[in-house]
Every structure is written in C-alpha cells, then in structure tokens.
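Contents: one structure, followed by commentary.
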Amino acid sequence: MSKRQNFMLSPHFSYEEMTRSDWAESHGVDNTPDELQLAGLINLCWKLGEPLREVFGPIHVNSGFRSAAVNEGVHGVGNSKHLSGEAMDIRVTNRETGLEYFDFIRKNVDYDQLLFEFNRKGAMWLHCSVCLDPKENRHQSFRNYGL
C-alpha cells in the first residue's frame, strides 16, 4: 500500500490524515502501516475519533500512525501505541477545549490511555489510545501530563 493512496478509514478520518508525518516526509522515511497496524487505525478512528467528532465537530490530528523509524526520529517512547496504529495526538487550542475533549473521552469511550499533554512553549494536545483488543485497554488518564 502506497503512502500516496488516500481513502477513508471511517466517515471523517482519512488514511492520509492518520499516517501523515512531516518528519517522515522531510527525511524521506516510509510511514506505511501493515495490515494489523491499519486495523488498529481503523478501530481508533471508529471508537474514539468518530464519537469525538460527532459531539465537537472537526478535530485536528497532529500524529496518528508512526513507523518505528518515524517514532525514533521524533523521539517517541519505544512502546508507543502510535507504532501499532492505536494512538492519535489531537491538537487543542486552549485548556478549556482540551479538558472538554478529555472529559468526554474518559466518560464515553473505552480507551487505553488519555494524556492531556503540554510543553514549555505552550503547545497542548491530547494523546489518546484505544487498543484493538478491548481487553487490553488500561483506562489510564492524566489531566496534566506536562513535558
């Protein structure tokens, strides 16, 4: 499957959106998921992305799937759910919106991990994961996961 192909993983989330990586593009690194990773992405979009989109409207995904090379290049953790297609980072423009997303997911989605993250430069995002096997979801949530 070519990175250049694009198709919908769910009604509102495209393959391109969920596999796009500025780092991969600028470094000429392939970021194509295999079949199991693609299944993780589809599950993530349906179980987490679609319910969030239905309530809040369009959301911006900063990062979805990451190949091992991309994850290493962006200094992701070695056991990141991005590697299996089971995680997305959602950009939030302000704390209030981020907390609304956070609370909605925590109360309405069978999630694995939910981290409201921020950095010293003021960027904020939600790291959200949903395991392909629901029995593996740990339901870990941290409202102030500062880097």
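By convention in this document, the chains of the structure tokens carry letters A, B, ... by their order, each chain's residues are numbered from 1, and ligands are numbered from 1 in the order they are shown.
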
- prompt: Skipping near chain neighbours, those fewer than 5 positions away, what residues fall within 10 Å of A:Asp34 using only C-alpha atoms, listed as a list in words?
  reply: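 Counting only C-alpha atoms, the residues come to Met1, Ala39, Gly40, Ser67, Ser84 and Gly85 of chain A.
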
File of the preceding selection, all heavy atoms, as a compact mmCIF listing (two decimals), in the first residue's frame:
```txt
# COMPACT_ATOMS: atom_id res chain seq x y z
N MET A 1 0.85 -1.19 0.00
CA MET A 1 0.00 0.00 0.00
C MET A 1 0.89 1.24 0.00
O MET A 1 1.77 1.38 0.82
CB MET A 1 -0.87 -0.03 1.25
CG MET A 1 -1.86 1.06 1.33
SD MET A 1 -2.94 0.92 2.77
CE MET A 1 -3.27 -0.82 2.84
N ALA A 39 -5.51 -1.99 10.81
CA ALA A 39 -6.70 -2.38 11.59
C ALA A 39 -6.76 -1.57 12.88
O ALA A 39 -7.84 -1.15 13.31
CB ALA A 39 -6.66 -3.88 11.89
N GLY A 40 -5.61 -1.33 13.52
CA GLY A 40 -5.57 -0.50 14.72
C GLY A 40 -6.04 0.91 14.44
O GLY A 40 -6.79 1.49 15.23
N SER A 67 5.70 4.71 11.96
CA SER A 67 6.57 3.55 11.78
C SER A 67 7.66 3.62 12.86
O SER A 67 7.86 4.66 13.49
CB SER A 67 7.20 3.57 10.39
OG SER A 67 8.10 4.66 10.27
N SER A 84 1.52 0.85 16.73
CA SER A 84 0.53 -0.17 16.37
C SER A 84 -0.71 0.43 15.72
O SER A 84 -1.67 -0.28 15.43
CB SER A 84 0.14 -0.99 17.60
OG SER A 84 -0.35 -0.15 18.62
N GLY A 85 -0.70 1.75 15.50
CA GLY A 85 -1.86 2.41 14.91
C GLY A 85 -2.99 2.60 15.91
O GLY A 85 -4.12 2.88 15.52
```

>> At a cut-off of 10 Å, using only C-alpha atoms, what residues contact stretch 121-126 of chain A? Leave out same-chain residues fewer than 5 positions from it and give the result as a list of chain:residue names.
In response: A:His60, A:Val61, A:Asn62, A:Met88, A:Asp89, A:Ile90, A:Arg91, A:Val92, A:Thr93, A:Asn94, A:Arg95, A:Gly98, A:Leu99, A:Tyr101, A:Phe102, A:Gln113, A:Leu114, A:Leu115, A:Phe116, A:Phe142, A:Arg143, A:Tyr145, A:Gly146

Take the residues from that selection and write them out as a compact mmCIF listing (two decimals), in the first residue's frame, keeping N, CA, C and O atoms.
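Once everything was written out, this is part-v8.txt:
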```
# COMPACT_ATOMS: atom_id res chain seq x y z
N HIS A 60 -8.32 18.22 14.86
CA HIS A 60 -7.07 18.19 14.10
C HIS A 60 -6.14 17.15 14.71
O HIS A 60 -5.76 17.26 15.87
N VAL A 61 -5.78 16.14 13.93
CA VAL A 61 -4.87 15.09 14.39
C VAL A 61 -3.44 15.51 14.05
O VAL A 61 -3.09 15.69 12.88
N ASN A 62 -2.63 15.69 15.09
CA ASN A 62 -1.21 16.01 14.90
C ASN A 62 -0.42 14.78 14.47
O ASN A 62 0.52 14.87 13.69
N MET A 88 -3.61 8.42 18.69
CA MET A 88 -3.60 9.69 17.96
C MET A 88 -3.35 10.82 18.95
O MET A 88 -3.76 10.74 20.11
N ASP A 89 -2.65 11.83 18.48
CA ASP A 89 -2.47 13.07 19.24
C ASP A 89 -3.37 14.10 18.60
O ASP A 89 -3.28 14.34 17.38
N ILE A 90 -4.22 14.71 19.40
CA ILE A 90 -5.19 15.69 18.92
C ILE A 90 -4.77 17.08 19.40
O ILE A 90 -4.59 17.30 20.59
N ARG A 91 -4.61 17.99 18.46
CA ARG A 91 -4.25 19.37 18.80
C ARG A 91 -5.43 20.05 19.50
O ARG A 91 -6.58 19.92 19.06
N VAL A 92 -5.14 20.75 20.56
CA VAL A 92 -6.17 21.57 21.22
C VAL A 92 -5.66 23.00 21.28
O VAL A 92 -4.48 23.24 21.48
N THR A 93 -6.57 23.94 21.07
CA THR A 93 -6.16 25.34 21.00
C THR A 93 -6.12 26.02 22.36
O THR A 93 -5.47 27.05 22.51
N ASN A 94 -6.83 25.45 23.33
CA ASN A 94 -6.82 26.05 24.67
C ASN A 94 -7.15 24.98 25.71
O ASN A 94 -7.64 23.90 25.38
N ARG A 95 -6.87 25.30 26.95
CA ARG A 95 -7.05 24.34 28.04
C ARG A 95 -8.52 23.91 28.19
O ARG A 95 -8.81 22.74 28.40
N GLY A 98 -9.42 21.41 25.55
CA GLY A 98 -8.72 20.17 25.85
C GLY A 98 -9.38 19.39 26.96
O GLY A 98 -9.52 18.17 26.89
N LEU A 99 -9.80 20.10 28.00
CA LEU A 99 -10.46 19.42 29.13
C LEU A 99 -11.84 18.91 28.75
O LEU A 99 -12.27 17.86 29.24
N TYR A 101 -12.67 17.78 25.70
CA TYR A 101 -12.37 16.55 24.96
C TYR A 101 -11.99 15.43 25.94
O TYR A 101 -12.46 14.31 25.83
N PHE A 102 -11.08 15.76 26.86
CA PHE A 102 -10.59 14.79 27.84
C PHE A 102 -11.75 14.17 28.63
O PHE A 102 -11.87 12.95 28.72
N GLN A 113 -5.38 4.82 26.95
CA GLN A 113 -4.65 5.89 27.64
C GLN A 113 -5.13 7.24 27.14
O GLN A 113 -5.42 7.41 25.96
N LEU A 114 -5.19 8.18 28.05
CA LEU A 114 -5.63 9.54 27.75
C LEU A 114 -4.74 10.49 28.54
O LEU A 114 -4.78 10.51 29.76
N LEU A 115 -3.93 11.25 27.81
CA LEU A 115 -2.98 12.17 28.44
C LEU A 115 -3.22 13.57 27.89
O LEU A 115 -3.12 13.79 26.68
N PHE A 116 -3.50 14.53 28.77
CA PHE A 116 -3.58 15.93 28.36
C PHE A 116 -2.16 16.46 28.52
O PHE A 116 -1.69 16.68 29.63
N PHE A 142 -4.52 11.04 32.63
CA PHE A 142 -3.78 12.07 33.36
C PHE A 142 -4.14 13.42 32.76
O PHE A 142 -3.88 13.67 31.58
N ARG A 143 -4.74 14.28 33.58
CA ARG A 143 -5.20 15.59 33.11
C ARG A 143 -4.08 16.61 32.91
O ARG A 143 -4.24 17.57 32.18
N TYR A 145 -0.33 16.18 32.08
CA TYR A 145 0.84 15.39 31.76
C TYR A 145 1.84 16.29 31.06
O TYR A 145 1.95 16.30 29.84
N GLY A 146 2.54 17.12 31.82
CA GLY A 146 3.46 18.11 31.25
C GLY A 146 4.78 17.48 30.86
O GLY A 146 5.26 16.57 31.49
```

Can you tell me how far atom CA of A:Phe7 sits from atom CA of A:Leu41, in Å to one decimal?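 Interatomic distance, atom CA of A:Phe7 to atom CA of A:Leu41: 12.5 Å.
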
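The smallest atom-to-atom distance between A:Tyr15 and any of A:Tyr111, A:Phe65, A:Phe104, A:Phe118, using only C-alpha atoms, is found for A:Phe65.
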
Open item on the list: I'd like to know which of A:Leu52, A:Ala69, A:Leu9, A:Ala87 is closest to A:Ala24, using only C-alpha atoms.
Closed with: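 Comparing A:Leu52, A:Ala69, A:Leu9, A:Ala87 against A:Ala24, the winner is A:Ala69.
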
Atom CA of A:Gln37 and atom CA of A:Glu25, how far apart in Å?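 Atom-to-atom, atom CA of A:Glu25 to atom CA of A:Gln37, that is 19.5 Å.
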
Apply DSSP to the structure's backbone, then extract all residues of chain A labelled alpha helix (DSSP H) and return them as a JSON list (two decimals) with N, CA, C and O atoms, in the first residue's frame.
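part36.json, written as the output of this step:
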```json
[["chain", "number", "residue", "atom", "x", "y", "z"],
["A", 15, "TYR", "N", -6.98, 7.95, 5.58],
["A", 15, "TYR", "CA", -5.70, 7.25, 5.69],
["A", 15, "TYR", "C", -4.56, 8.27, 5.69],
["A", 15, "TYR", "O", -3.65, 8.19, 6.51],
["A", 16, "GLU", "N", -4.62, 9.22, 4.77],
["A", 16, "GLU", "CA", -3.55, 10.22, 4.67],
["A", 16, "GLU", "C", -3.41, 11.01, 5.98],
["A", 16, "GLU", "O", -2.30, 11.22, 6.47],
["A", 17, "GLU", "N", -4.52, 11.45, 6.53],
["A", 17, "GLU", "CA", -4.50, 12.22, 7.78],
["A", 17, "GLU", "C", -3.88, 11.41, 8.92],
["A", 17, "GLU", "O", -3.13, 11.95, 9.73],
["A", 18, "MET", "N", -4.19, 10.13, 8.97],
["A", 18, "MET", "CA", -3.75, 9.30, 10.09],
["A", 18, "MET", "C", -2.35, 8.71, 9.91],
["A", 18, "MET", "O", -1.80, 8.12, 10.85],
["A", 19, "THR", "N", -1.75, 8.87, 8.73],
["A", 19, "THR", "CA", -0.39, 8.37, 8.50],
["A", 19, "THR", "C", 0.58, 9.49, 8.12],
["A", 19, "THR", "O", 1.78, 9.24, 7.99],
["A", 22, "ASP", "N", 5.22, 14.96, 8.98],
["A", 22, "ASP", "CA", 6.14, 15.95, 8.43],
["A", 22, "ASP", "C", 7.58, 15.46, 8.54],
["A", 22, "ASP", "O", 8.39, 15.64, 7.64],
["A", 23, "TRP", "N", 7.90, 14.80, 9.67],
["A", 23, "TRP", "CA", 9.25, 14.31, 9.88],
["A", 23, "TRP", "C", 9.59, 13.26, 8.82],
["A", 23, "TRP", "O", 10.67, 13.28, 8.22],
["A", 24, "ALA", "N", 8.66, 12.31, 8.59],
["A", 24, "ALA", "CA", 8.90, 11.26, 7.60],
["A", 24, "ALA", "C", 9.10, 11.86, 6.22],
["A", 24, "ALA", "O", 10.02, 11.45, 5.48],
["A", 25, "GLU", "N", 8.27, 12.82, 5.86],
["A", 25, "GLU", "CA", 8.39, 13.45, 4.54],
["A", 25, "GLU", "C", 9.70, 14.19, 4.38],
["A", 25, "GLU", "O", 10.37, 14.07, 3.36],
["A", 26, "SER", "N", 10.09, 14.94, 5.39],
["A", 26, "SER", "CA", 11.33, 15.72, 5.28],
["A", 26, "SER", "C", 12.58, 14.85, 5.34],
["A", 26, "SER", "O", 13.64, 15.27, 4.87],
["A", 27, "HIS", "N", 12.46, 13.63, 5.87],
["A", 27, "HIS", "CA", 13.62, 12.74, 5.96],
["A", 27, "HIS", "C", 13.53, 11.57, 4.99],
["A", 27, "HIS", "O", 14.38, 10.67, 5.02],
["A", 35, "GLU", "N", -0.98, -4.49, 7.66],
["A", 35, "GLU", "CA", -2.42, -4.77, 7.81],
["A", 35, "GLU", "C", -2.90, -4.68, 9.26],
["A", 35, "GLU", "O", -3.98, -4.15, 9.53],
["A", 36, "LEU", "N", -2.13, -5.19, 10.21],
["A", 36, "LEU", "CA", -2.53, -5.14, 11.62],
["A", 36, "LEU", "C", -2.52, -3.70, 12.13],
["A", 36, "LEU", "O", -3.43, -3.28, 12.86],
["A", 37, "GLN", "N", -1.52, -2.92, 11.75],
["A", 37, "GLN", "CA", -1.45, -1.52, 12.14],
["A", 37, "GLN", "C", -2.59, -0.73, 11.53],
["A", 37, "GLN", "O", -3.18, 0.14, 12.19],
["A", 38, "LEU", "N", -2.95, -1.05, 10.29],
["A", 38, "LEU", "CA", -4.08, -0.40, 9.64],
["A", 38, "LEU", "C", -5.38, -0.75, 10.37],
["A", 38, "LEU", "O", -6.23, 0.12, 10.58],
["A", 39, "ALA", "N", -5.51, -1.99, 10.81],
["A", 39, "ALA", "CA", -6.70, -2.38, 11.59],
["A", 39, "ALA", "C", -6.76, -1.57, 12.88],
["A", 39, "ALA", "O", -7.84, -1.15, 13.31],
["A", 40, "GLY", "N", -5.61, -1.33, 13.52],
["A", 40, "GLY", "CA", -5.57, -0.50, 14.72],
["A", 40, "GLY", "C", -6.04, 0.91, 14.44],
["A", 40, "GLY", "O", -6.79, 1.49, 15.23],
["A", 41, "LEU", "N", -5.61, 1.48, 13.31],
["A", 41, "LEU", "CA", -6.02, 2.83, 12.93],
["A", 41, "LEU", "C", -7.53, 2.91, 12.69],
["A", 41, "LEU", "O", -8.20, 3.85, 13.13],
["A", 42, "ILE", "N", -8.05, 1.93, 11.97],
["A", 42, "ILE", "CA", -9.49, 1.92, 11.69],
["A", 42, "ILE", "C", -10.28, 1.84, 12.98],
["A", 42, "ILE", "O", -11.24, 2.60, 13.20],
["A", 43, "ASN", "N", -9.87, 0.95, 13.87],
["A", 43, "ASN", "CA", -10.54, 0.81, 15.17],
["A", 43, "ASN", "C", -10.48, 2.12, 15.96],
["A", 43, "ASN", "O", -11.47, 2.57, 16.54],
["A", 44, "LEU", "N", -9.31, 2.74, 15.99],
["A", 44, "LEU", "CA", -9.12, 4.01, 16.70],
["A", 44, "LEU", "C", -10.04, 5.10, 16.16],
["A", 44, "LEU", "O", -10.68, 5.82, 16.93],
["A", 50, "GLU", "N", -14.53, 9.15, 15.82],
["A", 50, "GLU", "CA", -15.90, 9.44, 15.38],
["A", 50, "GLU", "C", -16.79, 9.95, 16.52],
["A", 50, "GLU", "O", -17.49, 10.96, 16.34],
["A", 51, "PRO", "N", -16.79, 9.33, 17.70],
["A", 51, "PRO", "CA", -17.62, 9.90, 18.78],
["A", 51, "PRO", "C", -17.21, 11.33, 19.15],
["A", 51, "PRO", "O", -18.06, 12.19, 19.39],
["A", 52, "LEU", "N", -15.90, 11.59, 19.16],
["A", 52, "LEU", "CA", -15.42, 12.94, 19.48],
["A", 52, "LEU", "C", -15.86, 13.93, 18.40],
["A", 52, "LEU", "O", -16.35, 15.01, 18.70],
["A", 53, "ARG", "N", -15.73, 13.54, 17.16],
["A", 53, "ARG", "CA", -16.12, 14.39, 16.03],
["A", 53, "ARG", "C", -17.62, 14.66, 16.04],
["A", 53, "ARG", "O", -18.06, 15.76, 15.74],
["A", 54, "GLU", "N", -18.41, 13.65, 16.37],
["A", 54, "GLU", "CA", -19.86, 13.80, 16.39],
["A", 54, "GLU", "C", -20.30, 14.87, 17.39],
["A", 54, "GLU", "O", -21.22, 15.64, 17.12],
["A", 55, "VAL", "N", -19.63, 14.96, 18.51],
["A", 55, "VAL", "CA", -20.00, 15.91, 19.56],
["A", 55, "VAL", "C", -19.36, 17.28, 19.34],
["A", 55, "VAL", "O", -20.01, 18.31, 19.53],
["A", 56, "PHE", "N", -18.09, 17.32, 18.95],
["A", 56, "PHE", "CA", -17.34, 18.58, 18.92],
["A", 56, "PHE", "C", -17.07, 19.12, 17.52],
["A", 56, "PHE", "O", -16.50, 20.19, 17.38],
["A", 68, "ALA", "N", 8.39, 2.52, 13.03],
["A", 68, "ALA", "CA", 9.46, 2.50, 14.03],
["A", 68, "ALA", "C", 10.50, 3.59, 13.75],
["A", 68, "ALA", "O", 10.96, 4.28, 14.66],
["A", 69, "ALA", "N", 10.83, 3.78, 12.47],
["A", 69, "ALA", "CA", 11.82, 4.80, 12.11],
["A", 69, "ALA", "C", 11.31, 6.20, 12.41],
["A", 69, "ALA", "O", 12.05, 7.05, 12.92],
["A", 70, "VAL", "N", 10.04, 6.46, 12.13],
["A", 70, "VAL", "CA", 9.46, 7.77, 12.42],
["A", 70, "VAL", "C", 9.39, 7.99, 13.92],
["A", 70, "VAL", "O", 9.75, 9.05, 14.43],
["A", 71, "ASN", "N", 8.93, 6.99, 14.66],
["A", 71, "ASN", "CA", 8.83, 7.12, 16.11],
["A", 71, "ASN", "C", 10.19, 7.44, 16.74],
["A", 71, "ASN", "O", 10.30, 8.30, 17.59],
["A", 72, "GLU", "N", 11.22, 6.77, 16.26],
["A", 72, "GLU", "CA", 12.57, 7.05, 16.75],
["A", 72, "GLU", "C", 13.00, 8.46, 16.37],
["A", 72, "GLU", "O", 13.56, 9.20, 17.17],
["A", 73, "GLY", "N", 12.70, 8.86, 15.14],
["A", 73, "GLY", "CA", 13.09, 10.17, 14.65],
["A", 73, "GLY", "C", 12.44, 11.33, 15.39],
["A", 73, "GLY", "O", 13.04, 12.39, 15.54],
["A", 95, "ARG", "N", -6.87, 25.30, 26.95],
["A", 95, "ARG", "CA", -7.05, 24.34, 28.04],
["A", 95, "ARG", "C", -8.52, 23.91, 28.19],
["A", 95, "ARG", "O", -8.81, 22.74, 28.40],
["A", 96, "GLU", "N", -9.42, 24.86, 28.08],
["A", 96, "GLU", "CA", -10.85, 24.55, 28.25],
["A", 96, "GLU", "C", -11.31, 23.51, 27.23],
["A", 96, "GLU", "O", -11.97, 22.52, 27.59],
["A", 97, "THR", "N", -10.96, 23.71, 25.98],
["A", 97, "THR", "CA", -11.34, 22.75, 24.94],
["A", 97, "THR", "C", -10.69, 21.40, 25.19],
["A", 97, "THR", "O", -11.33, 20.35, 25.07],
["A", 98, "GLY", "N", -9.42, 21.41, 25.55],
["A", 98, "GLY", "CA", -8.72, 20.17, 25.85],
["A", 98, "GLY", "C", -9.38, 19.39, 26.96],
["A", 98, "GLY", "O", -9.52, 18.17, 26.89],
["A", 99, "LEU", "N", -9.80, 20.10, 28.00],
["A", 99, "LEU", "CA", -10.46, 19.42, 29.13],
["A", 99, "LEU", "C", -11.84, 18.91, 28.75],
["A", 99, "LEU", "O", -12.27, 17.86, 29.24],
["A", 100, "GLU", "N", -12.53, 19.62, 27.86],
["A", 100, "GLU", "CA", -13.83, 19.13, 27.38],
["A", 100, "GLU", "C", -13.64, 17.82, 26.61],
["A", 100, "GLU", "O", -14.38, 16.86, 26.81],
["A", 101, "TYR", "N", -12.67, 17.78, 25.70],
["A", 101, "TYR", "CA", -12.37, 16.55, 24.96],
["A", 101, "TYR", "C", -11.99, 15.43, 25.94],
["A", 101, "TYR", "O", -12.46, 14.31, 25.83],
["A", 102, "PHE", "N", -11.08, 15.76, 26.86],
["A", 102, "PHE", "CA", -10.59, 14.79, 27.84],
["A", 102, "PHE", "C", -11.75, 14.17, 28.63],
["A", 102, "PHE", "O", -11.87, 12.95, 28.72],
["A", 103, "ASP", "N", -12.61, 15.02, 29.18],
["A", 103, "ASP", "CA", -13.73, 14.52, 29.98],
["A", 103, "ASP", "C", -14.71, 13.71, 29.14],
["A", 103, "ASP", "O", -15.22, 12.68, 29.60],
["A", 104, "PHE", "N", -14.95, 14.14, 27.91],
["A", 104, "PHE", "CA", -15.86, 13.39, 27.05],
["A", 104, "PHE", "C", -15.31, 11.99, 26.78],
["A", 104, "PHE", "O", -16.02, 10.99, 26.90],
["A", 105, "ILE", "N", -14.03, 11.92, 26.40],
["A", 105, "ILE", "CA", -13.43, 10.61, 26.10],
["A", 105, "ILE", "C", -13.45, 9.73, 27.34],
["A", 105, "ILE", "O", -13.83, 8.56, 27.27],
["A", 106, "ARG", "N", -13.04, 10.28, 28.47],
["A", 106, "ARG", "CA", -12.98, 9.50, 29.71],
["A", 106, "ARG", "C", -14.33, 8.90, 30.07],
["A", 106, "ARG", "O", -14.43, 7.77, 30.54],
["A", 107, "LYS", "N", -15.41, 9.65, 29.81],
["A", 107, "LYS", "CA", -16.74, 9.20, 30.21],
["A", 107, "LYS", "C", -17.45, 8.37, 29.14],
["A", 107, "LYS", "O", -18.39, 7.65, 29.47],
["A", 108, "ASN", "N", -17.04, 8.48, 27.88],
["A", 108, "ASN", "CA", -17.82, 7.88, 26.79],
["A", 108, "ASN", "C", -17.09, 6.90, 25.89],
["A", 108, "ASN", "O", -17.71, 6.32, 25.00]]
```

inquiry  = Just to confirm, what's the straight-line distance from atom CA of A:Lys47 to atom CA of A:Thr32 in Å (one decimal)?
reply    =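 It comes out at 21.5 Å.
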
Please list as JSON, numbers by chain every residue within 7 Å of A:Cys131, counting only C-alpha atoms and excluding residues in the same chain fewer than 5 positions away.
{"A": [86, 112, 136, 137]}

Would you export the selected residues with N, CA and C atoms as a PDB file, in the first residue's frame, please?
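Listed below is the output, out04.pdb:
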```
ATOM      1  N   GLU A  86      -2.692   2.487  17.185  1.00  0.00           N
ATOM      2  CA  GLU A  86      -3.725   2.559  18.213  1.00  0.00           C
ATOM      3  C   GLU A  86      -3.751   3.884  18.967  1.00  0.00           C
ATOM      4  N   ASP A 112      -7.635   3.249  26.134  1.00  0.00           N
ATOM      5  CA  ASP A 112      -6.460   2.671  26.779  1.00  0.00           C
ATOM      6  C   ASP A 112      -5.760   3.738  27.621  1.00  0.00           C
ATOM      7  N   GLU A 136      -7.382  -5.181  26.448  1.00  0.00           N
ATOM      8  CA  GLU A 136      -6.070  -4.608  26.755  1.00  0.00           C
ATOM      9  C   GLU A 136      -6.141  -3.142  27.178  1.00  0.00           C
ATOM     10  N   ASN A 137      -7.296  -2.499  27.036  1.00  0.00           N
ATOM     11  CA  ASN A 137      -7.439  -1.093  27.440  1.00  0.00           C
ATOM     12  C   ASN A 137      -7.217  -0.950  28.941  1.00  0.00           C
TER      13      ASN A 137
END
```

Q. In terms of the shortest atom-to-atom distance over only C-alpha atoms, which of A:Cys45, A:Met8, A:Val77, A:Val29 is closest to A:Cys128?
A.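 Closest to A:Cys128, using only C-alpha atoms: A:Cys45.
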